[in-house]
Every structure is written in C-alpha cells, then in structure tokens.
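Trainee: Let me begin by handing over the structure; questions about it come next.
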Amino acid sequence: METKVKSKALQQFQEAAETLVNPELKKWMEQGGKVMALFCSCGPEEIITAAGMVPFRARGTGSTGTELADAYMASIICSFTRHSLNMGLRGDYDFIEGAVWLNTCDHCRRIYDNWKRKVDTPFVHIMSLPKKTEKPQVAWYRDELVILKEAVEKHLGITITDDKLREAIKTHNETRRLLKQLYELRKRDNPPITGADALAVVVASTAMPRERFNEMLKELLQDLKEVEGIKDYRARLMITGGILDDPNYIKVIEDQGGLVVTDMLCFGTRIFWNDVDEKIGDPLQALAQYYIADRYSCPRMFQDYPRRAALVRDMIRDFKVDAIIGERLLFCDIWTVEHYQLGKEFRPEGIPYMQLDREYILGGIGQMKTRVQAFLETLGR
Amino acid sequence: MTTETEKDKQMRRLAKFIEERDSYEAMAKAFGQSPSGTDKLYAPLTEAYVEQHNAVIRAVENGDPFVASYYGCQPEIYVAMDLPWYTFLTPVFTNAMSPTLPEEIDATESLFGKDFCTAFRVAGYWVEKDLAPLPTAIIAMLHPCDASLAAHQLMQTNEIWRHVPMFGCDPPYWNDERSLDYYANETRLMISFLEEHTGRKLDMDRLREVIEESNKMFKLWIEYNELRRAVPCPHGYGVGLQAFGVAMNILVGDPKGTQWFTDLVEDAEMLVREGTGKVENERVRIFWFDVVSLGLSLDLFPWLEQEYGAVVVMDMFGYTPYTLIDTTSEETMLKGLGKRALCDAPMMRQARGVADNWIGDIRQVVTDYKIDCVVWPGHMGHKDGSANIGMMREVCRELGVPFMNIGMDNFDERYTTTAEIKEMFSRFFDSMGLAKAG
Ligand code: SF4
Ligand code: SF4
Ligand code: SF4
C-alpha cells in the first residue's frame with residue numbers, strides 16, 4: 001500500500017522520520033541554531049521555540065542496541081527508554097544543547113537521572129508533571145513552566161518575553177492546524193495518504209524548525225489535493241498507544257491490507273487535536289491550560305479515561321474505523337491497563353480491538369504479520 | 001429464583017476477606033499461646049490485623065461507611081474520622097501464603113500484560129471479578145508507581161466500581177515547601193471529598209490526638225532503629241516490616257501501637273545489652289532495599305541466617321527516617337502528614353521522586369548500619385528502581401560494599417524461584433570470599 005503522489009515534501013518527511021538528525025535540522029544547526037530535546041509530549045515545546053531553539057521530540061531512531069544502557073537499567077525497563085539512553089551514552093545526542101524530561105512514567109523519568117550523571121549535555125532539566133487535570137494542577141504546571149523558562153533564560157543568557165511566547169504559540173498552533181488538515185483528508189473513503197506516511201509527517205513535525213515544517217506541510221497538502229486515493233484496503237484501522245515513531249511498523253500492518261486512517265498516539269492526534277488558546281492573555285497560563293487540561297491526555301493522567309475514550313469514539317465515527325490496534329511497548333504499565341479498558345469498552349460496540357506488544361526497534365515482523373492477518377480475518381475482510 | 005440483594009452482594013464480596021481474617025485469627029491464637037522472646041510481638045500484631053478486618057466486616061454488616069486506600073494516603077485522617085479502611089492491595093499481601101494465589105496470578109493474564117506489577121494485577125483482577133468489598137469511597141494512590149495509578153483508572157470502566165466515588169491527591173515530584181503546600185491543598189480536597197461521601201466530619205482536635213499518638217510510635221521506631229545499628233543486630237528480617245505495619249497500617253494513631261513499639265524497643269534493648277544477635281555468629285549484614293517479601297520469609301531469609309550468618313539488618317520498609325509532625329495548627333498538621341506520605345513512607349520516599357533519594361538512602365544506611373552488602377531484589381513492578389541499578393552499583397562501589405540485583409517478583413515465587421535466588425546468593429557470597437558457616 002502506497003501514497004500515490006510524487007511529493008518532495010513527503011520524501012523529506014519520510015527521511016526525517018528515518019533519521020535522528022534530518023537535513024532541515026542539520027541546516028539549522030549549521031547556521032548556529034540550537035536544539036533542545038523533550039522526552040515526553042507533555043513538555044512545553046513553545047518555551048523552547050520562544051527561546052530561539054528547535055524543540056526536538058527525543059527518539060531512539062537508528063539505535064541498534066542497548067549495550068551501554070544495560071549497565072544502568074535492568075531489562076524490565078521499556079525499550080524506548082533503554083535505546084534512547086543508550087544513544088545518549090554513545091554520544092548520538094551530542095547535537096543537542098539541552099534536554100527536558102518530565103516525571104512521565106517510571107521508565108522515562110529515570111533517563112533523566114542517568115543522563116544527568118553520565119551524558120555531557122550542557123542543559124538538563126526535569127519538570128514535575130501533575131497526574132490530574134484540574135485547576136490546581138494547571139496552576140502547579142504554570143509554576144513549573146516559569147521554573148523551566150527561567151532556567152533556560154539563565155542558561156542562554158536571554159529573556160523570553162511574553163511576545164515571543166505568543167509568537168511561538170501561534171507557530172505551534174499553525175503546525176497543529178495543518179496536521180489536523182492532513183488528518184481531515186484521511187476521513188475520505190479513499191484517503192490520499194497511508195498511515196505510515198502520515199506518521200512520518202507527524203514525526204517530522206517534532207524534529208525540525210517549525211516554520212520550515214509548516215511551509216513543507218502546506219506543500220504536501222497541495223500535492224495531495226489531486227491525488228488518487230487509496231482503494232485497495234481490506235479494513236480501516238485506528239492505532240492507539242504511546243511512543244510509536246516508526247512508520248515501518250505501520251507499513252507492516254498496511255501491507256496486510258489494513259489501512260491506518262487515524263490514531264491516538266504521542267506522535268499523532270494527541271499532540272495536535274486541540275490548540276493552545278490564543279485568547280488567554282497570559283501565555284504561560286495558556287500553555288499550562290493546554291498541556292494539563294485541554295490536550296488529550298495519555299493514561300498517565302488520572303481519571304481522564306472517559307475523555308480519552310470519547311476521543312476514540314469520535315474517531316471511530318468520523319474516520320469510519322473498522323477496528324483498533326493497540327500498540328504497547330513491553331513493560332509499559334500505563335498502556336497495558338488502558339488497552340484492556342479500551343478493548344473492553346469498544347468490543348461490545350462492534351469494534352474489534354487487538355493489543356500488540358512490541359519492542360521499540362521493529363523486529364519479529366513475521367509474527368506481527370501473522371497476528372495482523374488473523375485480526376483482519378476476524379473482521380471478515 | 002432469588003435475586004441477590006445489595007447486602008447479599010456485599011456479604012459475598014467479603015468471603016475472601018473473612019478467610020483472611022480467619023487465618024490471622026488462627027495465627028493470633030498460636031502466637032498468644034507460646035509467647036516467648038521476640039515472637040511475643042507477633043500476637044498483638046496479628047490481633048490488630050483481625051480487628052482491622054473485623055471493623056470493615058462490621059461496617060459492611062451495618063451498612064456503615066468504610067474506605068479502601070493505602071498507607072501512603074494519610075490514613076491518620078481516616079482514623080480521625082472513625083472510618084474503617086482496608087488496603088486495596090490486600091490480596092497479594094495477605095494471600096501471600098494462599099495456595100490459590102498462583103492460580104489467580106495466572107488468571108490475570110487475560111486482562112493485563114504479565115509485566116505489570118503482580119500486586120495490582122491481582123487487585124485489578126479482584127475488581128473485575130467482583131471479589132473485593134465495595135467501599136463507600138476510594139482514596140487512590142497516585143504515587144509512587146505507574147502500576148498504582150493505572151490500576152485505579154481501571155475502576156472507571158468497571159460496571160460496579162465506577163460508581164464508587166474516588167479521589168487521589170496529586171503527588172508533586174519534589175520535596176520542597178512549595179510541594180508540601182500544594183499537597184496540603186490536595187489533602188484539604190480529600191477531606192472535603194471524604195466528608196461529602198461518608199457523612200463523617202473531621203474533627204481537627206481528634207486528628208491532633210491521632211497524630212500525637214503516631215508521633216510517639218515514630219519516636220520509638222527511631223529509637224528502635226538506633227538499636228539495630230548494634231553488632232550483632234538484635235533482630236532479623238521481617239521486624240521492620242512489622243513496625244511499618246503497626247505504625248502505618250493497622251494501628252495508626254492507636255495507643256496499642258505505641259505499646260507494641262515500647263515492647264519492641266524493650267526487647268531489642270535487652271538483646272543489645274546481652275550482646276545477643278539474631279544469629280549466633282553474625283557474618284554478613286545485609287541491606288535489603290525493598291519490601292521483605294512474605295514468600296521469602298519462610299525459606300530464603302532463615303536459610304541466609306543459618307547457612308551464612310547473613311542477617312537483614314535493614315530493609316526499605318524498616319528504614320523510614322520519619323519527621324515528627326508539628327501539631328500546632330491545621331496547617332502544620334496537613335503539611336506534616338503530606339511530608340510523611342510523600343517523603344518519609346517507604347517506597348514513596350524512594351520511588352516517587354528523583355533518583356537522588358535512592359542513592360541518599362543507600363549511602364546513609366550502609367554507613368549507619370555497618371552494612372556489608374546491598375541487595376536490590378528488583379521486584380518486577382519496580383521499574384523506576386530497576387532503572388537505577390547502575391547508580392546503585394556505583395554508590396556501593398564508592399562505599400566499598402558489594403551490590404546484587406536479583407530480579408524477582410515479590411508476590412510470585414515462580415518468577416525467580418527461591419532455589420535460584422539461593423544459588424545467586426551462594427555465588428555472590430563466594431565472590432565476597434565468604435564461605436558457608438560451620
Ligand atoms: S505516553 Fe504519555 S507519558 Fe508517555 S511519552 Fe506519551 S504523553 Fe508522555
Ligand atoms: S512506552 Fe510506556 S513505559 Fe515506555 S516511555 Fe512510553 S509511557 Fe513510559
Ligand atoms: S510497583 Fe511496587 S509500589 Fe507499585 S504497586 Fe507494585 S509493589 Fe507497590
């Protein structure tokens with residue numbers, strides 16, 4: 001299954017998803033630009049943009065092993081965590097000026113502790129991310145944003161003004177709106193883009209200067225206008241889960257005939273389905289409100305399951321989803337429960353739900369193919 | 001055909017709970033009959049477990065309010081509100097010896113990944129299978145681990161449990177004043193929630209009494225831990241866990257708990273005076289950096305003592321450098337309770353925040369308790385700890401003590417069997433140049 005368009009922008013996005021440092025980011029750095037990595041999608045990209053840097057969502061792309069990280073972490077730690085720490089230890093992340101973590105999950109938050117001690121990155125910071133989504137949590141997170149902002153200002157010797165923050169919010173909101181436009185096209189009976197390519201676009205959106213990305217995505221949207229949609233699919237699928245950043249994973253599913261039309265992923269709708277409210281006067285308040293309360297959460301957020309399930313339900317309707325695949329990295333605690341719950345909720349509504357456990361680096365393709373094929377067969381397709 | 005009334009259902013859900021109560025009752029009787037040496041401390045402990053169970057059973061029978069919660073969620077408040085409470089995680093702990101536990105663990109595979117903490121896997125299974133007493137309200141524990149948070153989300157899709165009101169205080173990642181103020185505010189919300197859903201009011205003077213009584217216990221606990229520094233160590237594995245059970249679970253703010261600690265200190269004092277250790281020839285002093293698993297208490301720990309003269313001098317649940325709570329005002333009490341729940345209580349203290357907390361504790365315990373080796377059991381649920389093994393090993397190297405990471409399941413012997421763990425210890429002690437005793 002393929003996106004039937006010759007698009008330079010799409011090629012660049014595909015390349016960006018396959019490499020850690022893509023050509024656009026390289027260009028930025030060659031011009032003296034700095035990059036700051038974020039280890040969870042709850043991290044405030046806008047503050048980094050407002051500081052004149054490129055926010056880069058950390059990945060383990062290109063990693064081939066965890067031999068160095070294994071000296072620091074046991075094998076019951078999720079493989080994203082071990083691969084990305086390994087890359088830090090190997091020096092693959094030497095291109096960043098700094099990195100920001102949040103106490104996201106028991107695995108990822110410990111990358112910070114190890115990195116701080118073992119990797120020579122000029123700026124490292126961890127934020128305390130609330131586990132609830134109510135007013136006191138928004139207020140707490142706003143304070144955390146102030147602490148981060150001040151730390152970045154001190155490190156770079158700059159001032160991040162409210163105007164710069166507002167500008168950054170506008171830029172990131174534009175990225176979100178453009179990504180949403182791309183997803184709108186996938187609602188069609190014959191979507192013009194595969195799920196694998198759509199994932200590549202979203203990954204690229206977290207890895208290059210956003211203004212440049214926005215221009216490129218506009219080009220792609222233009223290119224996709226006339227394209228013939230994909231018809232040869234057996235079922236329309238949705239993918240739910242956490243840090244899935246490898247388009248090849250989706251490709252394996254699509255090669256079996258299941259077209260992925262939407263998702264609820266960290267490199268997916270969760271990071272762009274809502275905007276930051278530009279009408280809120282205080283930009284830090286607007287960001288806190290967005291990241292804690294408005295954005296669709298992941299199972300890391302307590303008592304917010306109903307809202308997540310409602311998003312899945314809306315997607316099933318709007319994208320005409322036949323079935324859901326819940327991807328999970330082995331050992332990930334928060335997603336095993338969420339997938340169980342989502343399955344329990346949607347199966348009785350006639351939406352089959354399959355949980356697929358995986359390792360961060362794509363492997364075991366044969367077994368995965370068999371499971372996807374069997375799943376599609378249960379749909380009668 | 002008769003339909004099951006709500007009351008019948010609640011009585012049915014008590015079945016396992018009553019079984020547990022009965023097994024404690026049998027233990028209490030046995031301990032009561034042969035009170036000698038340190039063992040005499042077991043009788044009041046098991047009696048208290050029986051009474052805690054009975055309080056919940058009575059509440060169910062009388063239709064009175066009761067709460068499901070945890071030691072890390074400020075149980076002093078439930079006690080002050082006269083609310084019976086049980087630990088939601090109770091199945092794996094109290095059922096640790098139950099022959100049906102392995103079956104239940106296997107049955108959870110149809111629900112969650114096998115890599116999800118067994119404690120909450122089984123608790124979640126009990127929820128899904130309607131096997132646990134349905135409380136009036138749940139105070140969820142959102143720290144220290146992902147498993148705890150995730151398991152509580154589960155209740156939102158369970159047909160029965162979703163109707164039970166639930167609240168969780170949001171845990172900050174830091175230990176500073178700002179964090180304690182924030183948490184005190186969360187605690188205020190929790191109190192309002194409990195008042196609303198249980199109909200009980202919190203009287204601050206009663207809370208003061210409870211805290212003052214618990215302060216007495218913690219003071220004695222600190223004294224007791226001083227005595228454990230002695231060489232040879234007067235007591236072995238398990239006593240720290242009992243102290244934790246008394247102070248934070250079954251006799252919270254209860255004068256009976258204070259009496260238990262008084263007896264504990266007396267017993268330890270006497271042994272230290274006599275120079276009597278847990279084993280005759282103490283050769284290795286172990287810091288067991290996790291909960292002392294009940295499963296291992298039957299075989300592994302006695303074996304370590306007998307074969308190697310290796311004594312668990314300190315463990316995570318026995319080591320809790322508590323700060324006494326200032327009871328001058330509502331503000332100081334709530335902040336103090338928050339600090340206890342976040343920064344002092346075992347597991348919360350280490351696992352909730354940055355890794356410095358782990359490293360700091362190892363450094364302190366190894367120095368204060370003349371530790372010869374540090375063991376990280378590596379319970380399969382403790383991901384955040386197992387992501388620190390490099391740091392733990394390094395601090396141990398720096399302190400000149402060997403470090404061992406086992407990799408086991410605190411609740412399922414099949415994950416790494418006791419025989420395998422013994423083998424690991426033998427090799428470990430060999431590398432320390434330690435031959436078997438005798
Ligand atoms: S799943 Fe949640 S905690 Fe994990 S990276 Fe995504 S947003 Fe962050
Ligand atoms: S996959 Fe799960 S365990 Fe791994 S970093 Fe993401 S949320 Fe954490
Ligand atoms: S991971 Fe540890 S702290 Fe969390 S539920 Fe399991 S045993 Fe308790």
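Convention: chains lettered A, B, ... in structure tokens order; per-chain residue numbering from 1; ligands numbered from 1 as shown.
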Which residues of chain A come within 6 Å of ligand 2, and what is each one's closest atom pair and distance in Å (one decimal), counting only C-alpha atoms and all ligand atoms, sorted by chain and residue number, as a Markdown table?
Mentor:
| residue | atom | partner | partner_atom_place_in_ligand_line | distance |
| --- | --- | --- | --- | --- |
| A:Cys78 | CA | ligand 2 | 4 (Fe) | 4.8 |
| A:Phe80 | CA | ligand 2 | 4 (Fe) | 5.7 |
| A:Thr81 | CA | ligand 2 | 5 (S) | 5.7 |
| A:Cys105 | CA | ligand 2 | 8 (Fe) | 4.8 |
| A:His107 | CA | ligand 2 | 3 (S) | 5.2 |
| A:Cys108 | CA | ligand 2 | 5 (S) | 4.7 |
| A:Gly242 | CA | ligand 2 | 6 (Fe) | 5.5 |
| A:Ile243 | CA | ligand 2 | 6 (Fe) | 5.5 |
| A:Leu329 | CA | ligand 2 | 1 (S) | 5.1 |
| A:Cys332 | CA | ligand 2 | 3 (S) | 3.8 |
Trainee: Please, could you write that set of residues out with N, CA and C atoms as a PDB file, in the first residue's frame?
Mentor:
ATOM      1  N   CYS A  78      11.268  -0.322  29.706  1.00  0.00           N
ATOM      2  CA  CYS A  78      10.767  -0.312  28.324  1.00  0.00           C
ATOM      3  C   CYS A  78      11.893   0.020  27.335  1.00  0.00           C
ATOM      4  N   PHE A  80      12.107   1.743  24.613  1.00  0.00           N
ATOM      5  CA  PHE A  80      12.342   3.133  24.181  1.00  0.00           C
ATOM      6  C   PHE A  80      13.333   3.784  25.144  1.00  0.00           C
ATOM      7  N   THR A  81      13.069   3.581  26.422  1.00  0.00           N
ATOM      8  CA  THR A  81      13.904   4.182  27.460  1.00  0.00           C
ATOM      9  C   THR A  81      15.346   3.707  27.321  1.00  0.00           C
ATOM     10  N   CYS A 105       6.665   8.682  33.234  1.00  0.00           N
ATOM     11  CA  CYS A 105       6.380   7.327  33.679  1.00  0.00           C
ATOM     12  C   CYS A 105       7.620   6.824  34.416  1.00  0.00           C
ATOM     13  N   HIS A 107       9.668   4.649  33.806  1.00  0.00           N
ATOM     14  CA  HIS A 107      10.786   4.288  32.954  1.00  0.00           C
ATOM     15  C   HIS A 107      11.500   5.560  32.488  1.00  0.00           C
ATOM     16  N   CYS A 108      10.739   6.356  31.771  1.00  0.00           N
ATOM     17  CA  CYS A 108      11.315   7.516  31.090  1.00  0.00           C
ATOM     18  C   CYS A 108      11.907   8.524  32.075  1.00  0.00           C
ATOM     19  N   GLY A 242       1.344   4.696  22.753  1.00  0.00           N
ATOM     20  CA  GLY A 242       2.252   5.744  23.226  1.00  0.00           C
ATOM     21  C   GLY A 242       3.237   6.155  22.172  1.00  0.00           C
ATOM     22  N   ILE A 243       4.516   5.841  22.463  1.00  0.00           N
ATOM     23  CA  ILE A 243       5.573   6.379  21.619  1.00  0.00           C
ATOM     24  C   ILE A 243       5.844   5.495  20.398  1.00  0.00           C
ATOM     25  N   LEU A 329       4.638  -0.917  24.137  1.00  0.00           N
ATOM     26  CA  LEU A 329       5.996  -1.409  24.351  1.00  0.00           C
ATOM     27  C   LEU A 329       5.943  -2.338  25.556  1.00  0.00           C
ATOM     28  N   CYS A 332       5.505  -1.585  29.548  1.00  0.00           N
ATOM     29  CA  CYS A 332       4.859  -0.295  29.789  1.00  0.00           C
ATOM     30  C   CYS A 332       3.591  -0.546  30.613  1.00  0.00           C
TER      31      CYS A 332
END
Trainee: Based on DSSP run over this structure's backbone, return all residues of stretch 289-432 of chain B in helix (DSSP H, G or I), as a ChimeraX atom specification.
Mentor: /B:294-297,300-308,330-344,348-351,356-368,383-386,389-399,418-431
Trainee: Quick one: residues within 6 Å of A:Ser128, only C-alpha atoms, excluding same-chain residues fewer than 5 positions away - as a PDB file with N, CA, C and O atoms, in the first residue's frame?
Mentor:
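File produced: around.pdb:
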ATOM      1  N   LEU A 102      10.115  15.048  31.981  1.00  0.00           N
ATOM      2  CA  LEU A 102       9.060  15.235  32.976  1.00  0.00           C
ATOM      3  C   LEU A 102       8.964  13.897  33.691  1.00  0.00           C
ATOM      4  O   LEU A 102       9.439  12.886  33.169  1.00  0.00           O
ATOM      5  N   ASN A 103       8.332  13.903  34.859  1.00  0.00           N
ATOM      6  CA  ASN A 103       8.206  12.613  35.552  1.00  0.00           C
ATOM      7  C   ASN A 103       7.036  11.847  34.921  1.00  0.00           C
ATOM      8  O   ASN A 103       6.056  11.514  35.566  1.00  0.00           O
TER       9      ASN A 103
ATOM     10  N   TYR B 173       6.574  16.055  42.361  1.00  0.00           N
ATOM     11  CA  TYR B 173       7.802  15.263  42.211  1.00  0.00           C
ATOM     12  C   TYR B 173       8.888  15.716  43.192  1.00  0.00           C
ATOM     13  O   TYR B 173       9.879  15.059  43.369  1.00  0.00           O
TER      14      TYR B 173
END
Trainee: Taking the DSSP secondary structure from the backbone, can you list the residues of stretch 128-237 of chain B that are strand (DSSP E), as a list of chain:residue names?
Mentor: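 Taking stretch 128-237 of chain B and keeping strand (DSSP E) gives B:Ala137, B:Ile138, B:Ile139, B:Ala140, B:Met166, B:Phe167, B:Gly168.
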Trainee: Could you check how far atom CA of A:Thr66 sits from atom CA of A:Ala200, in Å to one decimal?
Mentor: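 We find that atom CA of A:Thr66 and atom CA of A:Ala200 lie 24.2 Å from each other.
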Trainee: Find the nearest atom pair between each residue of chain A and ligand 1 for residues within 9 Å, count only C-alpha atoms and all ligand atoms, give distances in Å to one decimal, sort rows by chain and ascending number, and present the table as a tab-separated table.
Mentor:
residue	atom	partner	partner_atom_place_in_ligand_line	distance
A:Phe39	CA	ligand 1	5 (S)	6.7
A:Cys40	CA	ligand 1	8 (Fe)	4.0
A:Ser41	CA	ligand 1	7 (S)	4.6
A:Cys42	CA	ligand 1	7 (S)	5.4
A:Gly43	CA	ligand 1	8 (Fe)	8.2
A:Leu102	CA	ligand 1	8 (Fe)	8.1
A:Asn103	CA	ligand 1	3 (S)	8.1
A:Thr104	CA	ligand 1	3 (S)	4.3
A:Cys105	CA	ligand 1	3 (S)	5.6
A:Cys108	CA	ligand 1	4 (Fe)	7.8
A:Gly241	CA	ligand 1	1 (S)	7.0
A:Gly242	CA	ligand 1	1 (S)	4.1
A:Ile243	CA	ligand 1	6 (Fe)	5.7
A:Leu265	CA	ligand 1	6 (Fe)	7.3
A:Cys266	CA	ligand 1	6 (Fe)	4.7
A:Phe267	CA	ligand 1	6 (Fe)	8.1
A:Arg270	CA	ligand 1	7 (S)	8.0
A:Ile271	CA	ligand 1	7 (S)	8.4
A:Ser297	CA	ligand 1	7 (S)	6.8
A:Cys298	CA	ligand 1	2 (Fe)	4.6
A:Pro299	CA	ligand 1	2 (Fe)	6.5
A:Arg300	CA	ligand 1	2 (Fe)	5.6
A:Met301	CA	ligand 1	2 (Fe)	8.1
A:Ile334	CA	ligand 1	1 (S)	7.9
A:Trp335	CA	ligand 1	1 (S)	7.7
